[in-house]
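Working notes, structure below.
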Amino acid sequence: MTDEVKHEGSAPSQRPQGRPDRPERGDRPDRGPGGREGGRKFFRRKKVCKFCVEKIDDINYKDVRLLQQFVAERGKIVPRRLTGVCTPHQRRLTSAIKRARNIALLPFAAR
Amino acid sequence: METATIMQRAYELMFIVRPDLLEEDVDKLIATLQGHATNAGAVVQNTEKMGKRRLAYDVKKFQDGQYVLFTLNADGKAIHELERRLRVAEQVIKFITVRTDEEEQRLEKVRKIRASHTKRAPVEPAVAESETPAVGA
């Protein structure tokens with residue numbers, strides 16, 4: 001039980017496919033005025049939805065281990081564009097995280 | 001009892017008991033709550049003590065809590081009554097009720113579709129079964 005608290009520190013590293021990534025179409029000029037030199041030249045591998053790949057149907061609010069992978073250190077829900085989760089699963093994930101917060105399984109805000 | 005026939009839905013009731021409560025007192029509390037539930041017309045399917053856990057944030061100045069999970073079939077009135085009881089009980093510091101029947105139905109559907117799509121059916125449902133009750137350890 002308590003190991004999940006320790007677990008939290010290492011959470012960012014095990015988040016699927018590294019978080020500062022943008023989606024492949026990230027070279028769209030939506031990066032503001034400085035968009036020109038911000039264009040990425042190297043290839044990013046396409047991120048896939050963890051729930052689709054591993055066929056996890058049930059995103060349960062009690063499964064803290066699973067949910068923690070999609071929560072940033074400060075307790076925020078990590079956006080889809082960073083994790084690669086598909087829209088239907090992100091929707092379920094969000095409600096599961098919010099439920100878990102309500103019953104003190106996950107923090108609303110850490111520190 | 002006519003309330004039992006009206007609208008029975010599946011719910012999950014999770015609550016946190018204060019950490020300094022002794023094991024037998026927790027059991028006693030669970031027993032009384034179960035009594036209240038059946039009196040209100042609910043059918044308690046399963047109770048699970050999920051043990052002591054560190055809370056993600058302080059609740060009533062407690063840092064730990066003992067989690068208990070009820071799985072029950074009930075109608076809205078019974079749930080309302082149970083929630084009132086939980087609110088009054090001072091050993092219970094937090095609770096949440098989640099309706100699970102619709103989610104179950106959805107999962108059932110997904111599983112069926114998946115089973116029909118994959119021809120290696122005998123392996124697949126077994127995996128899906130074992131994954132679903134994965135409670136947060």
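Scheme for the structure tokens: letters A, B, ... for chains in order shown; per-chain residue numbers from 1; ligand numbers from 1 in order shown.
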
>> If we count only C-alpha atoms and set the cut-off at 10 Å, which residues sit around A:Arg80, ignoring sequence neighbours fewer than 3 positions away in its own chain? Please answer as a list of chain:residue names.
In response: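 Residues near the query, excluding close chain neighbours: A:Arg22, A:Pro23, A:Cys49, A:Phe70, A:Ile77, A:Thr83, A:Gly84, A:Val85, A:Cys86, A:Thr87, A:His89, A:Gln90, A:Arg91.
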
I'd like a table as a Markdown table: residues in chain A with an atom no more than 9 Å from chain B, each row giving the shortest atom pair and its distance in Å to one decimal, only C-alpha atoms counted, sorted by chain and rising residue number.
| residue | atom | partner | partner_atom | distance |
| --- | --- | --- | --- | --- |
| A:Met1 | CA | B:Arg53 | CA | 5.8 |
| A:Thr2 | CA | B:Arg54 | CA | 6.5 |
| A:Glu4 | CA | B:Arg54 | CA | 8.9 |
| A:Val5 | CA | B:Arg54 | CA | 7.6 |
| A:Lys55 | CA | B:Ala128 | CA | 8.2 |
| A:Ile56 | CA | B:Glu131 | CA | 7.8 |
| A:Asp57 | CA | B:Leu107 | CA | 6.7 |
| A:Asp58 | CA | B:Thr132 | CA | 6.2 |
| A:Ile59 | CA | B:Thr132 | CA | 8.8 |
| A:Asn60 | CA | B:Val135 | CA | 8.0 |
| A:Tyr61 | CA | B:Gly136 | CA | 8.3 |
| A:Lys62 | CA | B:Gly136 | CA | 4.9 |
| A:Asp63 | CA | B:Gly136 | CA | 3.8 |
| A:Val64 | CA | B:Gly136 | CA | 5.0 |
| A:Arg65 | CA | B:Gly136 | CA | 6.4 |
| A:Leu66 | CA | B:Gly136 | CA | 8.2 |
| A:Arg99 | CA | B:Ile96 | CA | 8.2 |
| A:Arg101 | CA | B:Ala56 | CA | 7.9 |
| A:Asn102 | CA | B:Ile96 | CA | 7.4 |
| A:Ile103 | CA | B:Ile96 | CA | 6.4 |
| A:Ala104 | CA | B:Ala56 | CA | 5.0 |
| A:Leu105 | CA | B:Ala56 | CA | 5.5 |
| A:Leu106 | CA | B:Ala56 | CA | 5.2 |
| A:Pro107 | CA | B:Ala56 | CA | 4.8 |
| A:Phe108 | CA | B:Tyr57 | CA | 7.9 |
| A:Ala109 | CA | B:Tyr57 | CA | 8.5 |
| A:Ala110 | CA | B:Tyr57 | CA | 8.1 |

Could you pull the residues within 9 Å of B:Asn39, counting only C-alpha atoms, minus those fewer than 4 positions along the same chain, as a compact mmCIF listing (two decimals) with C-alpha atoms, in the first residue's frame?
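Okay, this is what ended up in out05.txt:
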# COMPACT_ATOMS: atom_id res chain seq x y z
CA GLN B 34 -24.72 -3.86 6.46
CA GLY B 35 -27.71 -4.11 8.78
CA ALA B 78 -31.68 3.00 0.00

>> Between atom CA of B:Lys60 and atom CA of A:Thr94, what is the distance in Å, rounded to a tenth?
In response: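 Interatomic distance here is 25.9 Å.
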
>> Quick check for you: according to DSSP on this backbone, which residues of chain B are classed as strand (DSSP E or B)? Reply as an MDAnalysis selection string.
In response: chainID B and resid 9:17 43:59 62:74 92:99

> Can you tell me how far atom CA of B:Thr118 sits from atom CA of A:Phe51, in Å to one decimal?
Replying inline: 17.5 Å

> Counting only C-alpha atoms, what is within 10 Å of B:Phe70, bar same-chain residues fewer than 5 positions away, as a list in words?
Replying inline: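 Counting only the stated atoms, we get Tyr11, Glu12, Leu13, Met14, Phe15, Ile30, Leu33, Gln34, Val44, Gln45, Asn46, Thr47, Glu48, Lys49 and Thr97 of chain B.
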
>> Write out as a ChimeraX atom specification the set of residues from stretch 58-105 of chain A that DSSP, computed on the backbone, places in helix (DSSP H, G or I).
In response: /A:64-68,80-83,87-102
